[in-house]
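Data block for work-v1.txt (compact mmCIF, C-alpha atoms and all ligand atoms):
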```txt
# COMPACT_ATOMS: atom_id res chain seq x y z
CA MET A 212 60.03 2.72 288.06
CA ALA A 213 60.38 -0.87 286.90
CA ARG A 214 58.22 -2.17 284.05
CA LEU A 215 56.03 -5.26 283.85
CA PRO A 216 58.58 -7.94 282.78
CA THR A 217 61.00 -6.71 285.46
CA HIS A 218 58.28 -6.96 288.11
CA ALA A 219 57.39 -10.37 286.71
CA VAL A 220 60.83 -11.77 287.49
CA HIS A 221 61.72 -9.72 290.60
CA GLY A 222 58.34 -8.92 292.13
CA HIS A 223 58.59 -11.62 294.78
CA ASP A 224 61.99 -10.39 296.05
CA HIS A 225 62.06 -10.68 299.78
CA ALA A 226 65.35 -11.79 301.20
CA ASP A 227 65.06 -14.74 303.53
CA ALA A 228 67.70 -15.73 306.05
CA TYR A 229 69.76 -17.44 303.32
CA GLY A 230 69.33 -14.83 300.58
CA SER A 231 67.58 -17.29 298.28
CA HIS A 232 66.25 -15.40 295.29
CA ILE A 233 63.72 -18.02 294.19
CA PRO A 234 60.95 -18.29 296.79
CA PRO A 235 61.17 -21.55 298.73
CA ILE A 236 58.06 -23.73 298.90
CA TYR A 237 57.02 -23.42 302.55
CA LEU A 238 55.02 -26.50 303.42
CA SER A 239 54.64 -25.82 307.13
CA VAL A 240 51.02 -25.34 308.15
CA ILE A 241 51.90 -24.23 311.68
CA TYR A 242 54.11 -21.50 313.11
CA GLU A 243 55.12 -21.25 316.71
CA TYR A 244 53.68 -18.46 318.88
CA ILE A 245 56.27 -15.91 319.94
CA ASP A 246 53.97 -14.40 322.55
CA TYR A 247 51.73 -17.10 323.86
CA GLU A 248 49.72 -14.86 326.23
CA LYS A 249 48.75 -12.51 323.42
CA GLY A 250 48.32 -15.32 320.91
CA GLU A 251 50.84 -13.67 318.63
CA ALA A 252 53.10 -15.51 316.26
CA ILE A 253 55.45 -13.95 313.68
CA PHE A 254 54.05 -10.66 312.44
CA ILE A 255 54.11 -10.32 308.68
CA ASP A 256 53.50 -7.45 306.34
CA ARG A 257 49.72 -7.52 305.75
CA GLY A 258 49.08 -6.86 309.43
CA ASN A 259 48.62 -10.55 310.08
CA TYR A 260 50.35 -13.09 312.19
CA LEU A 261 51.88 -16.09 310.58
CA ARG A 262 50.03 -18.72 312.55
CA TYR A 263 48.28 -21.22 310.39
CA GLY A 264 48.29 -22.40 306.76
CA ARG A 265 44.66 -21.50 306.02
CA GLU A 266 45.47 -17.86 306.86
CA GLU A 267 48.85 -17.22 305.29
CA ASN A 268 51.66 -19.00 303.54
CA LEU A 269 55.01 -17.41 302.71
CA THR A 270 55.21 -18.85 299.17
CA THR A 271 51.66 -17.72 298.48
CA ARG A 272 52.58 -14.31 299.90
CA ALA A 273 55.48 -14.09 297.41
CA LEU A 274 53.03 -14.63 294.53
CA GLU A 275 50.76 -11.95 295.96
CA ARG A 276 53.63 -9.45 295.95
CA VAL A 277 54.29 -10.18 292.28
CA VAL A 278 50.66 -9.81 291.19
CA ALA A 279 50.21 -6.57 293.15
CA LYS A 280 53.19 -5.14 291.26
CA LEU A 281 51.89 -6.31 287.88
CA GLU A 282 48.47 -4.78 288.50
CA ASN A 283 49.79 -1.57 290.14
CA THR A 284 47.92 -2.23 293.36
CA GLU A 285 49.05 -2.11 296.97
CA ASP A 286 48.32 -5.75 297.66
CA ALA A 287 46.86 -8.99 296.34
CA LEU A 288 45.37 -12.19 297.69
CA ALA A 289 45.77 -15.64 296.12
CA PHE A 290 43.04 -18.28 296.06
CA ASN A 291 42.91 -21.93 295.13
CA SER A 292 41.04 -21.17 291.89
CA GLY A 293 39.71 -18.24 289.92
CA MET A 294 36.21 -19.18 291.09
CA ALA A 295 37.32 -19.14 294.75
CA ALA A 296 38.60 -15.59 294.19
CA ILE A 297 35.33 -14.59 292.52
CA SER A 298 33.16 -16.24 295.22
CA ALA A 299 34.95 -14.48 298.07
CA THR A 300 34.73 -11.15 296.23
CA LEU A 301 31.01 -11.47 295.51
CA ILE A 302 30.22 -12.60 299.03
CA HIS A 303 32.10 -9.58 300.35
CA TYR A 304 29.96 -7.14 298.36
CA LEU A 305 26.50 -8.75 298.27
CA ARG A 306 23.82 -7.22 300.51
CA PRO A 307 20.13 -8.17 300.75
CA GLY A 308 18.17 -5.87 298.44
CA GLY A 309 21.31 -4.98 296.51
CA LYS A 310 21.72 -5.11 292.77
CA VAL A 311 24.61 -6.61 290.84
CA VAL A 312 25.23 -5.18 287.38
CA VAL A 313 26.96 -7.51 284.92
CA PRO A 314 27.22 -7.76 281.14
CA MET A 315 25.07 -10.58 279.75
CA GLU A 316 28.29 -12.16 278.46
CA LEU A 317 30.50 -13.26 281.34
CA TYR A 318 32.44 -16.37 282.35
CA SER A 319 29.85 -19.11 282.68
CA SER A 320 30.59 -20.22 286.24
CA THR A 321 30.44 -16.61 287.44
CA PHE A 322 26.89 -16.55 286.10
CA ALA A 323 26.14 -19.92 287.69
CA LEU A 324 27.39 -18.56 291.02
CA LEU A 325 25.38 -15.34 290.74
CA ASN A 326 22.25 -17.24 289.67
CA ASN A 327 22.56 -19.50 292.71
CA LEU A 328 23.52 -16.81 295.21
CA SER A 329 20.83 -14.31 294.22
CA PRO A 330 17.81 -16.09 295.77
CA LYS A 331 19.80 -16.95 298.91
CA PHE A 332 21.15 -13.41 299.40
CA GLY A 333 18.04 -11.59 298.21
CA ILE A 334 19.93 -9.74 295.50
CA ARG A 335 18.98 -8.81 291.96
CA VAL A 336 21.31 -9.51 289.05
CA GLU A 337 20.84 -7.18 286.10
CA LYS A 338 22.44 -8.57 282.95
CA VAL A 339 22.95 -5.91 280.30
CA TRP A 340 24.39 -5.66 276.81
CA PRO A 341 28.22 -5.77 277.07
CA SER A 342 28.90 -2.10 276.50
CA ALA A 343 30.03 0.66 278.83
CA GLU A 344 26.92 2.70 278.03
CA ALA A 345 24.54 -0.13 278.97
CA VAL A 346 26.48 -0.89 282.16
CA ALA A 347 26.50 2.78 283.18
CA GLU A 348 22.79 3.10 282.54
CA ALA A 349 21.94 0.08 284.70
CA ILE A 350 23.75 1.41 287.77
CA ASP A 351 21.39 2.83 290.38
CA ARG A 352 21.23 3.55 294.13
CA ASP A 353 20.84 -0.16 294.95
CA THR A 354 23.88 -1.26 292.96
CA VAL A 355 26.40 -2.96 295.25
CA ILE A 356 28.87 -4.14 292.62
CA VAL A 357 29.61 -3.94 288.91
CA PHE A 358 31.47 -7.03 287.73
CA LEU A 359 32.79 -7.42 284.19
CA GLU A 360 35.41 -8.78 281.84
CA VAL A 361 36.75 -6.09 279.51
CA MET A 362 37.09 -8.54 276.61
CA THR A 363 34.08 -10.84 276.68
CA ASN A 364 34.17 -14.58 276.23
CA PRO A 365 33.56 -16.07 273.68
CA THR A 366 32.61 -13.27 271.25
CA ASN A 367 35.48 -10.88 272.13
CA LYS A 368 33.44 -7.71 272.54
CA VAL A 369 35.42 -4.95 274.24
CA ILE A 370 33.86 -2.83 276.98
CA ASP A 371 35.09 0.76 277.04
CA LEU A 372 36.43 1.10 280.58
CA GLU A 373 37.44 4.70 279.95
CA TYR A 374 33.80 5.61 279.30
CA LEU A 375 32.77 3.97 282.61
CA TYR A 376 35.53 5.78 284.43
CA LYS A 377 34.34 9.11 283.08
CA HIS A 378 30.59 8.57 283.51
CA VAL A 379 30.18 6.57 286.71
CA ASP A 380 31.09 7.50 290.29
CA LEU A 381 33.30 4.50 290.93
CA ASP A 382 33.99 5.62 294.49
CA ARG A 383 30.35 4.93 295.27
CA VAL A 384 29.82 1.86 293.09
CA PRO A 385 32.65 -0.68 293.26
CA LEU A 386 33.85 -1.89 289.87
CA VAL A 387 35.47 -5.33 289.83
CA VAL A 388 37.25 -6.39 286.64
CA ASP A 389 38.11 -9.96 285.73
CA ASN A 390 41.37 -9.35 283.83
CA THR A 391 42.00 -13.00 282.92
CA PHE A 392 41.72 -12.55 279.15
CA THR A 393 43.47 -9.20 278.83
CA THR A 394 46.14 -9.66 281.53
CA PRO A 395 48.15 -6.72 282.91
CA VAL A 396 50.22 -6.86 279.71
CA LEU A 397 47.29 -5.21 277.90
CA LEU A 398 45.34 -3.54 280.65
CA LYS A 399 45.61 -2.40 284.26
CA PRO A 400 41.99 -1.91 285.33
CA VAL A 401 42.86 0.17 288.42
CA LYS A 402 43.90 2.94 286.00
CA TYR A 403 40.18 3.14 285.15
CA GLY A 404 38.93 3.14 288.70
CA ALA A 405 38.49 -0.61 289.29
CA LYS A 406 38.49 -1.40 293.02
CA LEU A 407 39.53 -5.00 292.52
CA VAL A 408 41.14 -6.94 289.70
CA ILE A 409 40.61 -10.68 289.46
CA HIS A 410 42.49 -13.40 287.61
CA SER A 411 41.96 -17.01 286.92
CA ALA A 412 45.70 -17.68 287.32
CA THR A 413 44.94 -21.06 285.75
CA LYS A 414 45.08 -19.20 282.42
CA TYR A 415 47.79 -16.75 281.32
CA LEU A 416 49.47 -16.13 284.70
CA GLY A 417 50.19 -19.84 285.26
CA GLY A 418 50.28 -20.28 281.52
CA HIS A 419 51.22 -23.96 281.20
CA ASN A 420 47.94 -25.83 281.80
CA ASP A 421 49.40 -27.42 284.91
CA VAL A 422 48.07 -25.39 287.85
CA VAL A 423 44.71 -24.07 289.08
CA GLY A 424 44.67 -20.78 290.98
CA GLY A 425 43.10 -17.35 291.33
CA VAL A 426 44.15 -13.89 292.49
CA VAL A 427 42.44 -10.70 293.58
CA ALA A 428 44.44 -7.46 293.55
CA GLY A 429 43.49 -4.13 295.10
CA GLN A 430 44.27 -1.54 297.74
CA LYS A 431 45.55 -2.70 301.11
CA ASP A 432 42.49 -2.14 303.31
CA LEU A 433 40.10 -3.79 300.90
CA VAL A 434 42.41 -6.76 300.40
CA ARG A 435 42.65 -7.07 304.18
CA GLU A 436 38.83 -7.30 304.35
CA LEU A 437 38.86 -9.98 301.66
CA TRP A 438 41.58 -11.79 303.59
CA GLU A 439 39.00 -12.37 306.35
CA TRP A 440 36.65 -13.94 303.79
CA ARG A 441 39.43 -16.13 302.42
CA ARG A 442 40.21 -17.30 305.94
CA MET A 443 36.56 -18.05 306.70
CA LEU A 444 35.78 -19.66 303.36
CA GLY A 445 39.06 -21.58 303.33
CA GLY A 446 40.19 -20.73 299.81
CA ILE A 447 43.91 -19.95 300.20
CA LEU A 448 46.20 -21.00 297.35
CA GLN A 449 48.55 -23.80 298.35
CA PRO A 450 52.34 -23.22 298.30
CA PHE A 451 53.31 -25.54 295.47
CA GLU A 452 50.65 -24.01 293.22
CA ALA A 453 51.80 -20.53 294.25
CA TYR A 454 55.35 -21.45 293.27
CA MET A 455 54.18 -22.74 289.88
CA ILE A 456 52.31 -19.50 289.19
CA ILE A 457 55.29 -17.36 290.28
CA ARG A 458 57.37 -19.32 287.78
CA GLY A 459 54.71 -18.96 285.08
CA ILE A 460 54.47 -15.20 285.54
CA LYS A 461 58.17 -14.76 284.77
CA THR A 462 57.43 -15.49 281.10
CA LEU A 463 53.95 -13.91 281.02
CA GLU A 464 54.82 -11.05 278.71
CA ILE A 465 56.81 -13.02 276.14
CA ARG A 466 54.19 -15.77 276.05
CA PHE A 467 51.31 -13.33 275.79
CA GLU A 468 53.02 -11.32 273.06
CA LYS A 469 53.74 -14.37 270.93
CA GLN A 470 50.25 -15.80 271.48
CA SER A 471 48.66 -12.46 270.55
CA LYS A 472 50.77 -12.08 267.41
CA SER A 473 49.95 -15.64 266.35
CA ALA A 474 46.25 -15.03 267.11
CA GLN A 475 46.38 -12.00 264.81
CA THR A 476 47.89 -14.12 262.00
CA VAL A 477 45.29 -16.86 262.51
CA ALA A 478 42.43 -14.32 262.62
CA GLU A 479 43.61 -12.76 259.35
CA TYR A 480 43.95 -16.19 257.75
CA LEU A 481 40.47 -17.31 258.83
CA ALA A 482 38.87 -13.99 257.83
CA GLU A 483 39.86 -14.75 254.20
CA HIS A 484 38.93 -18.44 254.30
CA PRO A 485 35.93 -19.40 252.14
CA ARG A 486 34.56 -21.80 254.79
CA ILE A 487 34.47 -19.13 257.50
CA GLU A 488 31.42 -16.95 257.98
CA GLU A 489 32.79 -14.52 260.58
CA VAL A 490 35.86 -14.02 262.77
CA MET A 491 35.43 -12.35 266.16
CA TYR A 492 38.76 -10.76 267.08
CA PRO A 493 39.34 -7.08 267.92
CA GLY A 494 42.74 -7.16 266.21
CA LEU A 495 41.01 -7.16 262.82
CA THR A 496 40.64 -3.60 261.57
CA LYS A 497 37.07 -4.30 260.42
CA ASN A 498 36.05 -5.56 263.87
CA PRO A 499 33.61 -3.11 265.55
CA TYR A 500 35.67 -3.17 268.77
CA HIS A 501 39.04 -2.51 267.10
CA SER A 502 39.28 1.18 267.96
CA THR A 503 38.13 0.72 271.58
CA ALA A 504 40.65 -2.09 272.04
CA LYS A 505 43.42 0.01 270.49
CA LYS A 506 42.59 2.88 272.82
CA LEU A 507 42.47 0.78 276.00
CA PHE A 508 45.25 -1.73 275.43
CA GLU A 509 48.76 -0.75 276.38
CA LYS A 510 50.32 -2.56 273.41
CA PRO A 511 49.19 -3.05 269.82
CA LEU A 512 48.13 -6.61 270.68
CA PHE A 513 44.65 -8.06 271.08
CA GLY A 514 45.05 -11.23 273.10
CA GLY A 515 45.49 -14.89 272.32
CA VAL A 516 41.85 -15.99 272.05
CA LEU A 517 39.63 -15.66 268.99
CA SER A 518 36.31 -17.07 267.89
CA PHE A 519 34.96 -17.86 264.45
CA LYS A 520 31.82 -19.16 262.80
CA LEU A 521 32.05 -22.00 260.36
CA LYS A 522 29.75 -21.92 257.36
CA GLY A 523 27.23 -24.74 257.63
CA GLY A 524 25.82 -26.14 260.82
CA TYR A 525 26.77 -27.97 263.97
CA GLU A 526 27.56 -31.20 262.08
CA ASP A 527 30.26 -29.34 260.14
CA VAL A 528 31.71 -27.95 263.35
CA ILE A 529 31.95 -31.47 264.78
CA THR A 530 33.64 -32.72 261.61
CA PHE A 531 36.11 -29.82 261.75
CA MET A 532 36.86 -30.46 265.43
CA LYS A 533 37.47 -34.16 264.82
CA ARG A 534 39.82 -33.44 261.93
CA LEU A 535 42.18 -31.28 264.04
CA ARG A 536 45.52 -33.01 264.61
CA LEU A 537 47.67 -30.51 266.49
CA ILE A 538 45.16 -28.22 268.18
CA LYS A 539 43.67 -29.83 271.28
CA ARG A 540 39.96 -30.04 272.00
CA CYS A 541 40.09 -28.69 275.56
CA PRO A 542 37.94 -26.27 277.57
CA SER A 543 40.60 -23.86 278.82
CA LEU A 544 42.74 -21.03 277.45
CA GLY A 545 45.94 -19.13 277.97
CA GLY A 546 48.24 -22.15 278.06
CA THR A 547 51.22 -23.19 275.97
CA GLU A 548 49.11 -25.50 273.78
CA SER A 549 46.52 -24.28 271.26
CA MET A 550 43.03 -25.38 272.27
CA VAL A 551 39.59 -25.27 270.71
CA VAL A 552 36.17 -25.45 272.23
CA ILE A 553 32.56 -25.13 271.07
CA PRO A 554 31.39 -22.35 273.44
CA LEU A 555 27.78 -23.48 273.37
CA LYS A 556 28.89 -26.76 274.93
CA ALA A 557 31.31 -25.25 277.44
CA ALA A 558 32.19 -21.60 278.07
CA ALA A 559 28.70 -20.27 277.30
CA MET A 560 26.70 -22.93 279.07
CA PHE A 561 25.29 -20.61 281.75
CA ILE A 562 24.78 -17.57 279.54
CA ASP A 563 20.99 -17.16 279.40
CA PRO A 564 19.63 -18.91 276.28
CA GLU A 565 17.74 -15.75 275.21
CA HIS A 566 20.98 -13.75 275.38
CA ARG A 567 23.15 -16.21 273.47
CA LEU A 568 21.66 -15.53 270.08
CA LYS A 569 21.74 -11.75 270.57
CA LEU A 570 25.42 -12.00 271.44
CA GLY A 571 26.18 -14.15 268.41
CA ILE A 572 26.82 -17.41 270.25
CA THR A 573 25.48 -19.90 267.73
CA ASP A 574 26.08 -23.62 267.30
CA ASN A 575 28.61 -22.98 264.51
CA LEU A 576 30.82 -20.83 266.78
CA VAL A 577 34.28 -22.15 267.69
CA ARG A 578 36.71 -20.55 270.14
CA ILE A 579 40.44 -21.07 269.81
CA SER A 580 43.10 -20.20 272.35
CA ILE A 581 46.43 -19.85 270.62
CA GLY A 582 49.45 -21.55 272.18
CA LEU A 583 53.18 -21.28 271.64
CA GLU A 584 53.48 -23.59 268.65
CA ASP A 585 54.90 -22.16 265.43
CA VAL A 586 52.04 -20.19 263.93
CA GLU A 587 52.61 -21.84 260.53
CA ASP A 588 51.85 -25.21 262.12
CA ILE A 589 48.67 -23.84 263.72
CA VAL A 590 47.50 -22.41 260.38
CA GLU A 591 48.36 -25.66 258.58
CA ASP A 592 46.33 -27.67 261.07
CA LEU A 593 43.33 -25.35 260.67
CA ALA A 594 43.69 -25.48 256.87
CA GLN A 595 43.69 -29.27 256.71
CA ALA A 596 40.82 -29.55 259.23
CA LEU A 597 38.72 -27.12 257.17
CA ASN A 598 39.42 -29.00 253.96
CA PHE A 599 36.43 -31.38 253.84
C1 LIG A 601 37.43 -15.15 282.52
C2 LIG A 601 37.47 -16.24 283.54
N1 LIG A 601 37.31 -15.92 284.83
C3 LIG A 601 37.32 -16.86 285.79
C4 LIG A 601 37.51 -18.19 285.49
C5 LIG A 601 37.49 -19.21 286.60
O1 LIG A 601 38.78 -19.61 286.90
P1 LIG A 601 39.16 -21.06 287.49
O2 LIG A 601 38.84 -22.07 286.43
O3 LIG A 601 40.62 -20.91 287.78
O4 LIG A 601 38.36 -21.25 288.71
C6 LIG A 601 37.70 -18.57 284.17
C7 LIG A 601 37.90 -19.98 283.82
O5 LIG A 601 37.85 -20.37 282.67
C8 LIG A 601 37.67 -17.57 283.16
O6 LIG A 601 37.82 -17.86 281.86
```

Just dump the structure as structure tokens.
Amino acid sequence: MARLPTHAVHGHDHADAYGSHIPPIYLSVIYEYIDYEKGEAIFIDRGNYLRYGREENLTTRALERVVAKLENTEDALAFNSGMAAISATLIHYLRPGGKVVVPMELYSSTFALLNNLSPKFGIRVEKVWPSAEAVAEAIDRDTVIVFLEVMTNPTNKVIDLEYLYKHVDLDRVPLVVDNTFTTPVLLKPVKYGAKLVIHSATKYLGGHNDVVGGVVAGQKDLVRELWEWRRMLGGILQPFEAYMIIRGIKTLEIRFEKQSKSAQTVAEYLAEHPRIEEVMYPGLTKNPYHSTAKKLFEKPLFGGVLSFKLKGGYEDVITFMKRLRLIKRCPSLGGTESMVVIPLKAAAMFIDPEHRLKLGITDNLVRISIGLEDVEDIVEDLAQALNF
């Protein structure tokens, strides 16, 4: 059976009439009916007809084949952003009276969405400490979905999926994992009973800070149900963006490996720096999540994003940020360029204020996403920016 980097470059294979290996960008929105009486056009593999661009697109379909292979699922569905993928997934599962169980540390806009949907749908959102034990304990008869990120953002706590798999009946309670931070290079959530795996493809899958997209991967029947939601909500990924993400995925593993190795070097450097109070990165042996991460992750790598606390207060953080020359002050992650952000002003905006302090999200916390620059240059930039 082929391995991840092989799937990453060949996963879209699907000979067209001309044998082109690289998927063409199909711009056509319309396809002619082959059986007008029955309303049937060209039948394609998901059990759908290729009729209209809001339903299917052949370039987008090629991306979906690749992601399904990377995540070891039967199928996948691509959306025009990570949030479009998350919205369709939540809408699919929410029921009046139902309960959603989430860790209290989750991507901010997912919280914003849940906070806004809950009064409209009549659902309850229970936000618990980001640990497998707390998640398992919160699950009850009303629970309609458990939604989590295995490595939390921005404090890099690691939730023990294996514990959930062993202690929760995941056939009864659907587990959805946002695998954006860990990527299939480190983790394939379906191995631990996840029903669906979500990506903001804007991050590591696309990988170059030049495309917005999202993907949901899962078993065929479930993906087919979500397909109906994508069609109704209108969130299909457009063909050019799909092509860009297919291209990005081809180098996913080598990018992610280099970024993770550089992140480890940077974390070790900062951990020894006299101006740094704390480094939050599971690659550090002293980190409380190190052994869980080592157990779950398929490689001895811990991702390309780390957070650290600067000694002093917010003013010092601002000074540090302004002094950076190479590292960009941008609110994303997973791209070729190193980027920093103050989570309190961006990624953690919709985390409940009473939870932020408990989680360790203070105003001297900085998150850095490591890019593909030479790690010596990244360290040098941090060193000079900290030297004030
Ligand atoms: C973990 C995670 N999930 C989902 C999203 C949303 O993705 P998008 O920005 O592509 O809509 C993000 C964006 O930062 C993210 O970090």

Task: atom CA of A:Leu512 to atom CA of A:Glu468, straight-line distance in Å - done: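 Between atom CA of A:Glu468 and atom CA of A:Leu512 the gap is 7.2 Å.
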
TODO: Give the residue list for ligand LIG 601 (chain A) at 10 Å, counting all atoms listed in the file, as a PyMOL selection string, sorted by chain and then by residue number.
DONE: chain A and resi 290-298+317-321+359-365+388-393+409-414+417+422-426+542-545+557-558

Open item on the list: Could you tell me how far atom CA of A:Ser473 sits from atom CA of A:Ile460, in Å to one decimal place?
Closed with: 19.7 Å

Open item on the list: With distances taken over only C-alpha atoms, which residue among A:Thr217, A:Ala482, A:Thr503, A:His225 lies nearest A:Arg276?
Closed with: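 The shortest atom-to-atom distance to A:Arg276 comes from A:His225.
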
Open item on the list: For a test of reading the model, state the distance in Å between atom CA of A:Ser342 and atom CA of A:Val369, rounded to one decimal.
Closed with: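 Separation between atom CA of A:Ser342 and atom CA of A:Val369: 7.5 Å.
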
- [ ] Could you check which of A:Ser231, A:Thr530, A:Thr496, A:Asn326 is closest to A:Glu479, using all atoms listed in the file?
- [x] A:Thr496

TODO: Within 6 Å of A:Thr547, counting all atoms listed in the file, which residues show up once you throw out same-chain ones fewer than 6 positions away? Write them as a list in words, please.
DONE: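 So, after excluding close chain neighbours, the residues are His419, Gly582 and Leu583 of chain A.
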
- [ ] Would you please work out which residue, of A:Asn420, A:Ser502, A:Asn283, A:Gln470, is nearest to A:Glu452 when using all atoms listed in the file?
- [x]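 Checking each candidate against A:Glu452, we get A:Asn420 as the closest.
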
Contact residues around stretch 596-599 of chain A with only C-alpha atoms at 10 Å, ignoring same-chain residues under 2 positions, as a tab-separated table (two decimals) with C-alpha atoms, keeping the file's coordinate frame:
```
chain	number	residue	atom	x	y	z
A	484	HIS	CA	38.93	-18.44	254.30
A	485	PRO	CA	35.93	-19.40	252.14
A	486	ARG	CA	34.56	-21.80	254.79
A	487	ILE	CA	34.47	-19.13	257.50
A	521	LEU	CA	32.05	-22.00	260.36
A	527	ASP	CA	30.26	-29.34	260.14
A	528	VAL	CA	31.71	-27.95	263.35
A	530	THR	CA	33.64	-32.72	261.61
A	531	PHE	CA	36.11	-29.82	261.75
A	532	MET	CA	36.86	-30.46	265.43
A	533	LYS	CA	37.47	-34.16	264.82
A	534	ARG	CA	39.82	-33.44	261.93
A	535	LEU	CA	42.18	-31.28	264.04
A	536	ARG	CA	45.52	-33.01	264.61
A	590	VAL	CA	47.50	-22.41	260.38
A	591	GLU	CA	48.36	-25.66	258.58
A	592	ASP	CA	46.33	-27.67	261.07
A	593	LEU	CA	43.33	-25.35	260.67
A	594	ALA	CA	43.69	-25.48	256.87
```

- [ ] Please provide as a ChimeraX atom specification all residues within 8 Å of stretch 255-260 of chain A, with the sequence filter that same-chain residues fewer than 3 positions apart are discarded (counting all atoms listed in the file).
- [x] /A:251-252,431,435

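Nearest to A:Lys506 of all the residues A:Leu433, A:Val384, A:Val220, A:Ile370 is A:Ile370, based on only C-alpha atoms.
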
- [ ] Would you kindly return, as a list of chain:residue names, each protein, DNA or RNA residue with an atom no farther than 10 Å from any atom of A:Asp353, considering all atoms listed in the file and excluding same-chain residues fewer than 3 positions away?
- [x] A:Arg306, A:Pro307, A:Gly308, A:Gly309, A:Lys310, A:Val311, A:Ile334, A:Arg335, A:Ile350, A:Ile356, A:Val384

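Considering all atoms listed in the file, the residue among A:Tyr525, A:Tyr403, A:Trp438, A:Tyr229 positioned nearest to A:Arg265 is A:Trp438.
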
TODO: Using only C-alpha atoms, find the one residue out of A:Ile233, A:Val408, A:Ala478, A:Leu381 that sits nearest to A:Ile457.
DONE: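 Checking each candidate against A:Ile457, we get A:Ile233 as the closest.
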
TODO: Give me the residues within 12 Å of stretch 559-574 of chain A as a ChimeraX atom specification, counting only C-alpha atoms and dropping any in the same chain fewer than 3 places off.
DONE: /A:313-327,338-342,363-368,488-491,518-529,542,552-556,577-578

Residues of stretch 382-481 of chain A at most 7 Å from stretch 286-289 of chain A: nearest atom pair and distance in Å, only C-alpha atoms, as a Markdown table:
```
| residue | atom | partner | partner_atom | distance |
| --- | --- | --- | --- | --- |
| A:Gly425 | CA | A:Ala289 | CA | 5.7 |
| A:Val426 | CA | A:Ala289 | CA | 4.3 |
| A:Val427 | CA | A:Leu288 | CA | 5.3 |
| A:Ala428 | CA | A:Ala287 | CA | 4.0 |
| A:Gly429 | CA | A:Asp286 | CA | 5.7 |
| A:Gln430 | CA | A:Asp286 | CA | 5.8 |
| A:Lys431 | CA | A:Asp286 | CA | 5.4 |
| A:Val434 | CA | A:Ala287 | CA | 6.4 |
| A:Ile447 | CA | A:Ala289 | CA | 6.2 |
| A:Leu448 | CA | A:Ala289 | CA | 5.5 |
```

With 6 Å of padding per side, what axis-aligned box (centre and edge lengths, Å, one decimal) covers all the listed atoms of stretch 453-469 of chain A? Give it as lines of an AutoDock Vina configuration file.
```
center_x = 54.7
center_y = -16.9
center_z = 282.6
size_x = 18.9
size_y = 23.7
size_z = 35.3
```

TODO: Please identify all polymer residues lying at most 12 Å from the point (36.5, 8.9, 282.9) (file coordinates), using all atoms listed in the file, and present the result as a PyMOL selection string.
DONE: chain A and resi 343+347+371-381+402-405

Could you rebuild stretch 280-291 of chain A with N, CA and C atoms and give me the result as a PDB file, in the coordinates of the input?
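Everything below was put into out39.pdb:
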```pdb
ATOM      1  N   LYS A 280      52.316  -6.000 292.078  1.00  0.00           N
ATOM      2  CA  LYS A 280      53.190  -5.140 291.260  1.00  0.00           C
ATOM      3  C   LYS A 280      52.722  -5.113 289.817  1.00  0.00           C
ATOM      4  N   LEU A 281      52.330  -6.270 289.283  1.00  0.00           N
ATOM      5  CA  LEU A 281      51.890  -6.310 287.880  1.00  0.00           C
ATOM      6  C   LEU A 281      50.638  -5.471 287.669  1.00  0.00           C
ATOM      7  N   GLU A 282      49.748  -5.480 288.650  1.00  0.00           N
ATOM      8  CA  GLU A 282      48.470  -4.780 288.500  1.00  0.00           C
ATOM      9  C   GLU A 282      48.498  -3.366 289.079  1.00  0.00           C
ATOM     10  N   ASN A 283      49.664  -2.921 289.540  1.00  0.00           N
ATOM     11  CA  ASN A 283      49.790  -1.570 290.140  1.00  0.00           C
ATOM     12  C   ASN A 283      48.849  -1.372 291.313  1.00  0.00           C
ATOM     13  N   THR A 284      48.751  -2.369 292.165  1.00  0.00           N
ATOM     14  CA  THR A 284      47.920  -2.230 293.360  1.00  0.00           C
ATOM     15  C   THR A 284      48.809  -2.347 294.597  1.00  0.00           C
ATOM     16  N   GLU A 285      48.231  -2.027 295.754  1.00  0.00           N
ATOM     17  CA  GLU A 285      49.050  -2.110 296.970  1.00  0.00           C
ATOM     18  C   GLU A 285      49.237  -3.549 297.432  1.00  0.00           C
ATOM     19  N   ASP A 286      48.244  -4.379 297.125  1.00  0.00           N
ATOM     20  CA  ASP A 286      48.320  -5.750 297.660  1.00  0.00           C
ATOM     21  C   ASP A 286      47.531  -6.701 296.767  1.00  0.00           C
ATOM     22  N   ALA A 287      47.631  -7.977 297.072  1.00  0.00           N
ATOM     23  CA  ALA A 287      46.860  -8.990 296.340  1.00  0.00           C
ATOM     24  C   ALA A 287      46.661 -10.188 297.266  1.00  0.00           C
ATOM     25  N   LEU A 288      45.746 -11.047 296.859  1.00  0.00           N
ATOM     26  CA  LEU A 288      45.370 -12.190 297.690  1.00  0.00           C
ATOM     27  C   LEU A 288      45.169 -13.380 296.756  1.00  0.00           C
ATOM     28  N   ALA A 289      45.841 -14.502 297.046  1.00  0.00           N
ATOM     29  CA  ALA A 289      45.770 -15.640 296.120  1.00  0.00           C
ATOM     30  C   ALA A 289      44.832 -16.727 296.645  1.00  0.00           C
ATOM     31  N   PHE A 290      44.062 -17.274 295.743  1.00  0.00           N
ATOM     32  CA  PHE A 290      43.040 -18.280 296.060  1.00  0.00           C
ATOM     33  C   PHE A 290      43.314 -19.577 295.299  1.00  0.00           C
ATOM     34  N   ASN A 291      42.626 -20.639 295.756  1.00  0.00           N
ATOM     35  CA  ASN A 291      42.910 -21.930 295.130  1.00  0.00           C
ATOM     36  C   ASN A 291      42.249 -22.134 293.765  1.00  0.00           C
TER      37      ASN A 291
END
```
